[in-house]
file upload03.cif (mmCIF, C-alpha atoms)
data_work
#
loop_
_atom_site.group_PDB
_atom_site.id
_atom_site.type_symbol
_atom_site.label_atom_id
_atom_site.label_comp_id
_atom_site.auth_asym_id
_atom_site.auth_seq_id
_atom_site.Cartn_x
_atom_site.Cartn_y
_atom_site.Cartn_z
ATOM 1 C CA MET A 1 9.108 6.586 26.583
ATOM 2 C CA SER A 2 9.148 7.066 30.343
ATOM 3 C CA ILE A 3 6.387 6.585 32.868
ATOM 4 C CA LYS A 4 4.037 9.544 33.179
ATOM 5 C CA THR A 5 4.671 10.739 29.663
ATOM 6 C CA LYS A 6 1.761 13.011 28.762
ATOM 7 C CA VAL A 7 -0.332 11.938 25.766
ATOM 8 C CA GLY A 8 -2.988 13.954 23.979
ATOM 9 C CA PHE A 9 -6.160 12.050 23.147
ATOM 10 C CA ILE A 10 -8.999 13.166 20.870
ATOM 11 C CA GLY A 11 -12.307 11.322 20.632
ATOM 12 C CA LEU A 12 -13.709 9.845 23.839
ATOM 13 C CA GLY A 13 -16.361 7.559 22.390
ATOM 14 C CA ALA A 14 -16.698 3.860 23.186
ATOM 15 C CA MET A 15 -13.374 2.971 21.547
ATOM 16 C CA GLY A 16 -11.539 6.033 22.822
ATOM 17 C CA ARG A 17 -12.593 5.530 26.422
ATOM 18 C CA GLY A 18 -11.274 1.982 26.428
ATOM 19 C CA ALA A 19 -7.937 3.122 24.999
ATOM 20 C CA VAL A 20 -7.672 6.001 27.479
ATOM 21 C CA SER A 21 -8.420 3.707 30.424
ATOM 22 C CA ASN A 22 -5.480 1.534 29.394
ATOM 23 C CA LEU A 23 -3.166 4.516 28.928
ATOM 24 C CA LEU A 24 -3.972 5.750 32.413
ATOM 25 C CA ALA A 25 -3.702 2.290 33.955
ATOM 26 C CA LYS A 26 -0.259 1.803 32.414
ATOM 27 C CA GLY A 27 1.243 4.998 33.731
ATOM 28 C CA PHE A 28 0.597 7.674 31.120
ATOM 29 C CA ASP A 29 -0.947 11.057 31.825
ATOM 30 C CA VAL A 30 -3.742 11.854 29.371
ATOM 31 C CA VAL A 31 -4.941 15.245 28.210
ATOM 32 C CA GLY A 32 -8.218 14.557 26.412
ATOM 33 C CA CYS A 33 -10.462 16.567 24.136
ATOM 34 C CA ASP A 34 -14.012 15.853 22.987
ATOM 35 C CA VAL A 35 -16.965 17.937 21.855
ATOM 36 C CA ARG A 36 -19.238 16.337 24.470
ATOM 37 C CA SER A 37 -19.182 17.613 28.028
ATOM 38 C CA ASP A 38 -20.159 14.216 29.449
ATOM 39 C CA ALA A 39 -17.067 12.675 27.830
ATOM 40 C CA LEU A 40 -14.859 15.311 29.464
ATOM 41 C CA ASP A 41 -16.547 14.658 32.812
ATOM 42 C CA TRP A 42 -15.813 10.959 32.359
ATOM 43 C CA LEU A 43 -12.132 11.662 31.663
ATOM 44 C CA ARG A 44 -11.824 13.845 34.757
ATOM 45 C CA ALA A 45 -13.349 11.070 36.868
ATOM 46 C CA GLN A 46 -10.756 8.626 35.519
ATOM 47 C CA GLY A 47 -7.864 10.865 36.529
ATOM 48 C CA GLY A 48 -7.184 12.429 33.140
ATOM 49 C CA THR A 49 -7.075 16.111 32.237
ATOM 50 C CA PRO A 50 -10.007 17.292 30.088
ATOM 51 C CA THR A 51 -9.919 20.276 27.777
ATOM 52 C CA CYS A 52 -12.282 21.780 25.212
ATOM 53 C CA SER A 53 -9.376 23.357 23.333
ATOM 54 C CA LEU A 54 -7.196 21.506 20.845
ATOM 55 C CA ALA A 55 -4.648 24.311 21.082
ATOM 56 C CA GLU A 56 -4.470 23.853 24.845
ATOM 57 C CA LEU A 57 -3.963 20.119 24.334
ATOM 58 C CA ALA A 58 -1.258 20.688 21.716
ATOM 59 C CA ALA A 59 0.719 22.925 24.050
ATOM 60 C CA GLN A 60 1.153 20.081 26.558
ATOM 61 C CA VAL A 61 2.064 17.039 24.461
ATOM 62 C CA GLN A 62 4.413 15.656 21.826
ATOM 63 C CA ILE A 63 2.231 12.704 20.865
ATOM 64 C CA VAL A 64 -1.484 12.729 20.038
ATOM 65 C CA VAL A 65 -3.856 9.793 19.570
ATOM 66 C CA CYS A 66 -6.970 10.506 17.496
ATOM 67 C CA PHE A 67 -10.030 8.236 17.628
ATOM 68 C CA VAL A 68 -12.561 10.273 15.641
ATOM 69 C CA VAL A 69 -14.997 8.765 13.129
ATOM 70 C CA ASN A 70 -13.624 9.604 9.691
ATOM 71 C CA SER A 71 -11.323 11.697 7.502
ATOM 72 C CA GLN A 72 -13.619 14.744 7.684
ATOM 73 C CA GLN A 73 -13.351 14.841 11.462
ATOM 74 C CA THR A 74 -9.619 14.155 11.276
ATOM 75 C CA GLU A 75 -9.252 17.073 8.884
ATOM 76 C CA ALA A 76 -11.127 19.355 11.281
ATOM 77 C CA VAL A 77 -8.996 18.227 14.231
ATOM 78 C CA LEU A 78 -5.816 19.038 12.347
ATOM 79 C CA PHE A 79 -6.623 21.993 10.102
ATOM 80 C CA GLY A 80 -9.931 23.418 11.316
ATOM 81 C CA ASP A 81 -10.534 26.314 13.669
ATOM 82 C CA ASP A 82 -8.542 25.671 16.859
ATOM 83 C CA GLY A 83 -6.842 22.800 14.972
ATOM 84 C CA LEU A 84 -3.624 21.109 16.022
ATOM 85 C CA VAL A 85 -1.524 22.187 13.037
ATOM 86 C CA GLY A 86 0.308 25.358 13.935
ATOM 87 C CA GLU A 87 0.035 24.511 17.624
ATOM 88 C CA LEU A 88 1.882 21.203 17.909
ATOM 89 C CA ALA A 89 5.633 21.547 18.376
ATOM 90 C CA ALA A 90 8.064 20.379 15.708
ATOM 91 C CA GLY A 91 8.758 16.669 16.057
ATOM 92 C CA ALA A 92 5.291 15.807 17.346
ATOM 93 C CA VAL A 93 3.665 12.499 16.358
ATOM 94 C CA PHE A 94 0.000 12.301 15.354
ATOM 95 C CA ILE A 95 -1.505 8.799 15.592
ATOM 96 C CA ALA A 96 -4.649 8.448 13.465
ATOM 97 C CA CYS A 97 -6.724 5.420 14.517
ATOM 98 C CA SER A 98 -9.752 6.175 12.326
ATOM 99 C CA THR A 99 -10.841 4.158 9.292
ATOM 100 C CA MET A 100 -10.006 6.388 6.323
ATOM 101 C CA ASP A 101 -9.378 6.377 2.589
ATOM 102 C CA PRO A 102 -5.767 5.253 1.979
ATOM 103 C CA SER A 103 -5.235 8.003 -0.613
ATOM 104 C CA TYR A 104 -6.289 10.639 1.932
ATOM 105 C CA VAL A 105 -3.881 9.174 4.476
ATOM 106 C CA ARG A 106 -0.951 9.184 2.052
ATOM 107 C CA ALA A 107 -1.595 12.823 1.158
ATOM 108 C CA LEU A 108 -2.032 13.728 4.824
ATOM 109 C CA GLU A 109 1.428 12.430 5.671
ATOM 110 C CA GLY A 110 3.021 14.934 3.290
ATOM 111 C CA ARG A 111 0.857 17.798 4.516
ATOM 112 C CA LEU A 112 1.819 17.130 8.129
ATOM 113 C CA ALA A 113 5.482 16.646 7.263
ATOM 114 C CA SER A 114 5.548 20.222 5.955
ATOM 115 C CA HIS A 115 4.698 21.268 9.530
ATOM 116 C CA GLU A 116 7.324 18.897 11.015
ATOM 117 C CA ILE A 117 4.618 16.569 12.362
ATOM 118 C CA SER A 118 4.950 12.822 11.808
ATOM 119 C CA LEU A 119 1.857 10.792 10.941
ATOM 120 C CA ILE A 120 1.292 7.260 12.133
ATOM 121 C CA ASP A 121 -1.622 5.691 10.288
ATOM 122 C CA ALA A 122 -2.854 3.173 12.882
ATOM 123 C CA PRO A 123 -6.406 1.911 12.348
ATOM 124 C CA VAL A 124 -7.568 -0.728 14.805
ATOM 125 C CA THR A 125 -9.854 -3.729 14.978
ATOM 126 C CA GLY A 126 -11.329 -5.542 17.948
ATOM 127 C CA GLY A 127 -14.228 -3.299 18.884
ATOM 128 C CA ALA A 128 -15.010 -1.446 22.080
ATOM 129 C CA VAL A 129 -14.428 -4.619 24.078
ATOM 130 C CA GLY A 130 -10.920 -4.937 22.643
ATOM 131 C CA ALA A 131 -10.182 -1.297 23.436
ATOM 132 C CA GLU A 132 -11.333 -1.774 27.021
ATOM 133 C CA ARG A 133 -9.298 -4.961 27.472
ATOM 134 C CA GLY A 134 -6.232 -3.575 25.707
ATOM 135 C CA THR A 135 -6.380 -6.351 23.107
ATOM 136 C CA LEU A 136 -6.910 -4.395 19.898
ATOM 137 C CA THR A 137 -5.088 -5.369 16.731
ATOM 138 C CA ILE A 138 -3.345 -2.270 15.366
ATOM 139 C CA MET A 139 -2.340 -1.834 11.719
ATOM 140 C CA GLY A 140 0.452 0.719 11.899
ATOM 141 C CA SER A 141 2.207 2.510 9.066
ATOM 142 C CA GLY A 142 4.373 5.574 8.560
ATOM 143 C CA THR A 143 8.085 6.161 8.981
ATOM 144 C CA ARG A 144 9.818 3.557 11.118
ATOM 145 C CA GLU A 145 11.297 6.258 13.341
ATOM 146 C CA ALA A 146 7.883 7.742 14.153
ATOM 147 C CA PHE A 147 6.359 4.288 14.598
ATOM 148 C CA ASP A 148 8.993 3.421 17.189
ATOM 149 C CA LEU A 149 8.140 6.607 19.090
ATOM 150 C CA ALA A 150 4.448 5.726 18.989
ATOM 151 C CA LEU A 151 4.904 2.074 19.909
ATOM 152 C CA PRO A 152 4.846 2.385 23.739
ATOM 153 C CA VAL A 153 1.529 4.237 23.460
ATOM 154 C CA LEU A 154 0.037 1.792 20.959
ATOM 155 C CA ARG A 155 0.991 -1.180 23.121
ATOM 156 C CA THR A 156 -1.145 0.096 25.999
ATOM 157 C CA PHE A 157 -4.377 -0.624 24.125
ATOM 158 C CA GLY A 158 -3.184 -3.058 21.450
ATOM 159 C CA SER A 159 -1.932 -6.580 22.103
ATOM 160 C CA ARG A 160 -1.049 -7.102 18.438
ATOM 161 C CA VAL A 161 0.707 -4.056 17.016
ATOM 162 C CA HIS A 162 1.902 -4.520 13.448
ATOM 163 C CA TYR A 163 4.123 -2.324 11.286
ATOM 164 C CA LEU A 164 3.112 -2.468 7.614
ATOM 165 C CA GLY A 165 5.388 0.100 5.974
ATOM 166 C CA PRO A 166 4.684 3.524 4.418
ATOM 167 C CA ALA A 167 1.698 5.611 5.547
ATOM 168 C CA GLY A 168 -1.498 4.422 3.916
ATOM 169 C CA SER A 169 -0.600 0.736 4.290
ATOM 170 C CA GLY A 170 -2.503 0.589 7.566
ATOM 171 C CA ALA A 171 -5.539 2.163 5.926
ATOM 172 C CA GLN A 172 -5.347 -0.369 3.092
ATOM 173 C CA MET A 173 -5.289 -3.251 5.559
ATOM 174 C CA LYS A 174 -8.236 -1.766 7.471
ATOM 175 C CA VAL A 175 -10.236 -1.657 4.227
ATOM 176 C CA LEU A 176 -9.684 -5.413 3.862
ATOM 177 C CA ASN A 177 -10.616 -5.902 7.499
ATOM 178 C CA GLN A 178 -13.853 -3.962 7.063
ATOM 179 C CA LEU A 179 -14.732 -5.903 3.920
ATOM 180 C CA LEU A 180 -14.753 -9.113 5.952
ATOM 181 C CA CYS A 181 -16.398 -7.522 9.005
ATOM 182 C CA GLY A 182 -19.175 -6.061 6.884
ATOM 183 C CA VAL A 183 -19.813 -9.276 4.969
ATOM 184 C CA HIS A 184 -19.718 -11.392 8.153
ATOM 185 C CA LEU A 185 -22.098 -9.025 9.945
ATOM 186 C CA ALA A 186 -24.546 -8.845 7.052
ATOM 187 C CA ALA A 187 -24.445 -12.643 6.666
ATOM 188 C CA ALA A 188 -25.159 -13.099 10.373
ATOM 189 C CA GLY A 189 -28.135 -10.764 10.073
ATOM 190 C CA GLU A 190 -29.415 -12.634 7.028
ATOM 191 C CA ALA A 191 -29.087 -16.063 8.664
ATOM 192 C CA LEU A 192 -30.871 -15.042 11.864
ATOM 193 C CA ALA A 193 -33.620 -13.266 9.933
ATOM 194 C CA LEU A 194 -34.159 -16.462 7.912
ATOM 195 C CA ALA A 195 -34.292 -18.504 11.124
ATOM 196 C CA LYS A 196 -36.892 -16.121 12.516
ATOM 197 C CA HIS A 197 -38.888 -16.268 9.269
ATOM 198 C CA GLN A 198 -38.895 -20.068 9.420
ATOM 199 C CA GLY A 199 -39.995 -20.150 13.049
ATOM 200 C CA LEU A 200 -36.828 -21.652 14.488
ATOM 201 C CA PRO A 201 -36.010 -20.876 18.147
ATOM 202 C CA LEU A 202 -33.602 -17.967 17.852
ATOM 203 C CA ASP A 203 -31.649 -18.501 21.069
ATOM 204 C CA LEU A 204 -30.955 -22.119 20.164
ATOM 205 C CA THR A 205 -30.199 -21.188 16.550
ATOM 206 C CA LEU A 206 -27.570 -18.709 17.711
ATOM 207 C CA GLU A 207 -26.076 -21.243 20.133
ATOM 208 C CA ILE A 208 -25.762 -23.873 17.395
ATOM 209 C CA LEU A 209 -24.402 -21.531 14.736
ATOM 210 C CA SER A 210 -21.888 -20.040 17.157
ATOM 211 C CA SER A 211 -20.555 -23.433 18.256
ATOM 212 C CA GLY A 212 -19.419 -24.812 14.907
ATOM 213 C CA ALA A 213 -17.913 -24.013 11.538
ATOM 214 C CA ALA A 214 -20.567 -21.374 10.778
ATOM 215 C CA SER A 215 -19.401 -19.160 13.633
ATOM 216 C CA SER A 216 -17.708 -15.794 13.225
ATOM 217 C CA TRP A 217 -16.618 -13.052 15.603
ATOM 218 C CA MET A 218 -19.456 -10.864 14.320
ATOM 219 C CA LEU A 219 -22.075 -13.599 14.820
ATOM 220 C CA ALA A 220 -20.915 -14.230 18.378
ATOM 221 C CA ASP A 221 -20.718 -10.533 19.269
ATOM 222 C CA ARG A 222 -23.735 -9.102 17.438
ATOM 223 C CA GLY A 223 -25.947 -12.196 17.321
ATOM 224 C CA PRO A 224 -27.402 -11.779 20.836
ATOM 225 C CA ARG A 225 -28.560 -8.257 19.971
ATOM 226 C CA MET A 226 -30.102 -9.487 16.722
ATOM 227 C CA VAL A 227 -31.961 -12.234 18.591
ATOM 228 C CA ALA A 228 -33.200 -9.784 21.234
ATOM 229 C CA GLY A 229 -34.124 -7.159 18.637
ATOM 230 C CA GLN A 230 -32.445 -4.535 20.837
ATOM 231 C CA PHE A 231 -30.269 -2.130 18.904
ATOM 232 C CA ASP A 232 -29.866 0.772 21.317
ATOM 233 C CA ASP A 233 -26.705 -0.453 23.096
ATOM 234 C CA ILE A 234 -24.446 0.959 20.401
ATOM 235 C CA SER A 235 -21.131 -0.726 19.808
ATOM 236 C CA SER A 236 -20.833 0.684 16.290
ATOM 237 C CA ALA A 237 -23.636 2.403 14.396
ATOM 238 C CA VAL A 238 -25.101 1.204 11.099
ATOM 239 C CA ASP A 239 -23.959 4.487 9.541
ATOM 240 C CA ILE A 240 -20.356 3.596 10.404
ATOM 241 C CA PHE A 241 -20.598 0.499 8.245
ATOM 242 C CA VAL A 242 -22.233 2.467 5.428
ATOM 243 C CA LYS A 243 -19.137 4.674 5.529
ATOM 244 C CA ASP A 244 -16.665 1.811 5.888
ATOM 245 C CA MET A 245 -18.204 -0.311 3.140
ATOM 246 C CA SER A 246 -18.165 2.768 0.897
ATOM 247 C CA LEU A 247 -14.390 2.880 1.411
ATOM 248 C CA VAL A 248 -14.234 -0.812 0.506
ATOM 249 C CA LEU A 249 -16.161 -0.203 -2.702
ATOM 250 C CA ASP A 250 -13.974 2.787 -3.567
ATOM 251 C CA ALA A 251 -10.914 0.554 -3.205
ATOM 252 C CA THR A 252 -12.406 -2.174 -5.390
ATOM 253 C CA ARG A 253 -13.325 0.327 -8.099
ATOM 254 C CA GLU A 254 -9.841 1.848 -8.094
ATOM 255 C CA SER A 255 -8.329 -1.633 -8.333
ATOM 256 C CA ARG A 256 -10.811 -2.826 -10.998
ATOM 257 C CA PHE A 257 -11.571 -5.699 -8.633
ATOM 258 C CA PRO A 258 -15.015 -7.375 -8.645
ATOM 259 C CA ALA A 259 -16.311 -7.683 -5.071
ATOM 260 C CA ALA A 260 -19.894 -8.912 -5.234
ATOM 261 C CA LEU A 261 -20.180 -9.832 -1.552
ATOM 262 C CA ALA A 262 -18.904 -6.425 -0.457
ATOM 263 C CA HIS A 263 -21.506 -4.741 -2.686
ATOM 264 C CA ALA A 264 -24.307 -6.892 -1.258
ATOM 265 C CA ALA A 265 -23.277 -6.110 2.318
ATOM 266 C CA TYR A 266 -23.070 -2.396 1.523
ATOM 267 C CA LEU A 267 -26.633 -2.435 0.173
ATOM 268 C CA ALA A 268 -27.845 -4.188 3.323
ATOM 269 C CA PHE A 269 -26.365 -1.475 5.549
ATOM 270 C CA LEU A 270 -27.581 1.283 3.254
ATOM 271 C CA GLY A 271 -31.076 -0.219 3.235
ATOM 272 C CA THR A 272 -31.061 -0.294 7.034
ATOM 273 C CA THR A 273 -30.050 3.364 7.164
ATOM 274 C CA ALA A 274 -32.791 4.210 4.667
ATOM 275 C CA ARG A 275 -35.297 2.853 7.186
ATOM 276 C CA GLY A 276 -34.147 5.472 9.690
ATOM 277 C CA LEU A 277 -31.947 3.112 11.695
ATOM 278 C CA GLY A 278 -28.559 4.564 10.786
ATOM 279 C CA ALA A 279 -27.817 5.702 14.340
ATOM 280 C CA LYS A 280 -28.725 2.313 15.829
ATOM 281 C CA ASP A 281 -26.253 -0.443 16.643
ATOM 282 C CA ASP A 282 -25.019 -2.115 13.456
ATOM 283 C CA SER A 283 -26.664 -5.399 14.489
ATOM 284 C CA ALA A 284 -29.861 -3.728 13.254
ATOM 285 C CA VAL A 285 -28.792 -4.795 9.746
ATOM 286 C CA THR A 286 -30.828 -7.962 10.370
ATOM 287 C CA THR A 287 -33.983 -5.850 10.000
ATOM 288 C CA HIS A 288 -33.072 -5.248 6.341
ATOM 289 C CA TYR A 289 -33.611 -8.933 5.636
ATOM 290 C CA GLU A 290 -36.732 -9.105 7.790
ATOM 291 C CA LEU A 291 -38.250 -6.269 5.781
ATOM 292 C CA ALA A 292 -37.302 -7.925 2.481
ATOM 293 C CA ALA A 293 -39.165 -11.045 3.624
ATOM 294 C CA GLY A 294 -42.257 -9.028 4.570
ATOM 295 C CA MET A 295 -41.858 -9.770 8.280
ATOM 296 C CA PRO A 296 -43.463 -7.405 10.802
#

call {"tool": "encode", "arguments": {"input": "upload03.cif", "output": "structure tokens"}}
result
Amino acid sequence: MSIKTKVGFIGLGAMGRGAVSNLLAKGFDVVGCDVRSDALDWLRAQGGTPTCSLAELAAQVQIVVCFVVNSQQTEAVLFGDDGLVGELAAGAVFIACSTMDPSYVRALEGRLASHEISLIDAPVTGGAVGAERGTLTIMGSGTREAFDLALPVLRTFGSRVHYLGPAGSGAQMKVLNQLLCGVHLAAAGEALALAKHQGLPLDLTLEILSSGAASSWMLADRGPRMVAGQFDDISSAVDIFVKDMSLVLDATRESRFPAALAHAAYLAFLGTTARGLGAKDDSAVTTHYELAAGMP
């Protein structure tokens, strides 16, 4: 793929903006679409080309990266009013980076193939920081031919780009990833809430826990927000983990696999959402444990 290849990009949230910045920095032109005018203004300021029309985007590109929230939004992008299907040229590649149900992804591949569009199922992990630094881990799946076409694009925002096989394999791996992320995040929230309940100094508690065997990526990244009790700087919302852990539980039910820790973490996120904090940063899960302990 040559320099200045034009790439379509849908979803200019925290993750999408980091990925777009890397695409632009590494020589790609980007035509971006988002429902928010401020996101389009941001893209224009970065040197990209904003558009409110998916059809207009589709007319300019052969490869599209999609960073929307879930399968419902992906469905709307592809098959809704002003959707990409019917507008993208034959041979186009659609890269789906969202966390979605593997069965939906497998079915989607066949639906797109009937329109001569190749699907690359490419969920990511590494957070907004990883997207900004171009260090995401990418779990790619689909046909090898389409994956090879997508690879130069994926390598702009992913430092570890893996090919896992048929479409849906990436989604399966992301479910496993989210199981651990959700459990680690809920456990971090529980530990820091217990420290607070016991009157331990929270800054020092976090420093100690983060420096030894008890540490995790989630504790190091979300712990400072838990300690500060500030959940407005959203990296990923609580509601996102309610959705993601629901996918985990769906997978465990389908596999007849007992996953007690995943269930407990799901209930912690759901309980946090029930308190009206679903739109807050997911570090707010610590408040679930504070409430259970009767803390103010």

call {"tool": "closest_residue", "arguments": {"input": "upload03.cif", "among": "A:Cys33, A:Leu84, A:Leu194, A:Val20", "to": "A:Ala292", "atoms": "only C-alpha atoms"}}
result
A:Leu194

call {"tool": "residues_near_point", "arguments": {"input": "upload03.cif", "point": "(-4.2, 0.4, 5.4)", "cutoff": "12 Å", "atoms": "all atoms listed in the file", "output": "number ranges by chain"}}
result
A: 96-106, 120-125, 138-142, 162-178, 247-248, 251

call {"tool": "axis_aligned_box", "arguments": {"input": "upload03.cif", "around": "stretch 142-148 of chain A", "padding_each_side": "6 Å", "output": "JSON"}}
result
{"center_x": 7.8, "center_y": 5.6, "center_z": 12.9, "size_x": 18.9, "size_y": 16.3, "size_z": 20.6}

call {"tool": "resolve_selection", "arguments": {"input": "upload03.cif", "expression": "the PyMOL selection byres ((chain A and resi 83) around 12)", "output": "list in words"}}
result
Ile10, Cys33, Cys52, Ser53, Leu54, Ala55, Glu56, Leu57, Ala58, Ala59, Gln73, Thr74, Glu75, Ala76, Val77, Leu78, Phe79, Gly80, Asp81, Asp82, Leu84, Val85, Gly86, Glu87 and Leu88 of chain A

call {"tool": "closest_atom_pairs", "arguments": {"input": "upload03.cif", "of": "stretch 106-220 of chain A", "to": "stretch 267-286 of chain A", "cutoff": "12 Å", "atoms": "all atoms listed in the file", "output": "JSON lines"}}
result
{"residue": "A:Cys181", "atom": "CA", "partner": "A:Asp282", "partner_atom": "CA", "distance": 11.1}
{"residue": "A:Gly182", "atom": "CA", "partner": "A:Phe269", "partner_atom": "CA", "distance": 8.6}
{"residue": "A:Val183", "atom": "CA", "partner": "A:Ala268", "partner_atom": "CA", "distance": 9.6}
{"residue": "A:His184", "atom": "CA", "partner": "A:Ser283", "partner_atom": "CA", "distance": 11.1}
{"residue": "A:Leu185", "atom": "CA", "partner": "A:Ser283", "partner_atom": "CA", "distance": 7.4}
{"residue": "A:Ala186", "atom": "CA", "partner": "A:Val285", "partner_atom": "CA", "distance": 6.5}
{"residue": "A:Ala187", "atom": "CA", "partner": "A:Thr286", "partner_atom": "CA", "distance": 8.7}
{"residue": "A:Ala188", "atom": "CA", "partner": "A:Thr286", "partner_atom": "CA", "distance": 7.7}
{"residue": "A:Gly189", "atom": "CA", "partner": "A:Thr286", "partner_atom": "CA", "distance": 3.9}
{"residue": "A:Glu190", "atom": "CA", "partner": "A:Thr286", "partner_atom": "CA", "distance": 5.9}
{"residue": "A:Ala191", "atom": "CA", "partner": "A:Thr286", "partner_atom": "CA", "distance": 8.5}
{"residue": "A:Leu192", "atom": "CA", "partner": "A:Thr286", "partner_atom": "CA", "distance": 7.2}
{"residue": "A:Ala193", "atom": "CA", "partner": "A:Thr286", "partner_atom": "CA", "distance": 6.0}
{"residue": "A:Leu194", "atom": "CA", "partner": "A:Thr286", "partner_atom": "CA", "distance": 9.5}
{"residue": "A:Ala195", "atom": "CA", "partner": "A:Thr286", "partner_atom": "CA", "distance": 11.1}
{"residue": "A:Lys196", "atom": "CA", "partner": "A:Thr286", "partner_atom": "CA", "distance": 10.4}
{"residue": "A:His197", "atom": "CA", "partner": "A:Thr286", "partner_atom": "CA", "distance": 11.6}
{"residue": "A:Met218", "atom": "CA", "partner": "A:Ser283", "partner_atom": "CA", "distance": 9.0}
{"residue": "A:Leu219", "atom": "CA", "partner": "A:Ser283", "partner_atom": "CA", "distance": 9.4}
{"residue": "A:Ala220", "atom": "CA", "partner": "A:Ser283", "partner_atom": "CA", "distance": 11.2}

call {"tool": "atom_distance", "arguments": {"input": "upload03.cif", "atom1": "atom CA of A:Asp239", "atom2": "atom CA of A:Val69"}}
result
10.6 Å

call {"tool": "atom_distance", "arguments": {"input": "upload03.cif", "atom1": "atom CA of A:Ala14", "atom2": "atom CA of A:Ser216"}}
result
22.1 Å

call {"tool": "residues_around", "arguments": {"input": "upload03.cif", "residues": "A:Ile63", "least_positions_apart": "3", "cutoff": "7 Å", "atoms": "only C-alpha atoms", "output": "PDB file with C-alpha atoms, in the coordinates of the input"}}
result
ATOM      1  CA  VAL A   7      -0.332  11.938  25.766  1.00  0.00           C
ATOM      2  CA  GLY A   8      -2.988  13.954  23.979  1.00  0.00           C
ATOM      3  CA  ALA A  92       5.291  15.807  17.346  1.00  0.00           C
ATOM      4  CA  VAL A  93       3.665  12.499  16.358  1.00  0.00           C
ATOM      5  CA  PHE A  94       0.000  12.301  15.354  1.00  0.00           C
TER       6      PHE A  94
END

call {"tool": "atom_distance", "arguments": {"input": "upload03.cif", "atom1": "atom CA of A:Asp203", "atom2": "atom CA of A:Ala228"}}
result
8.9 Å
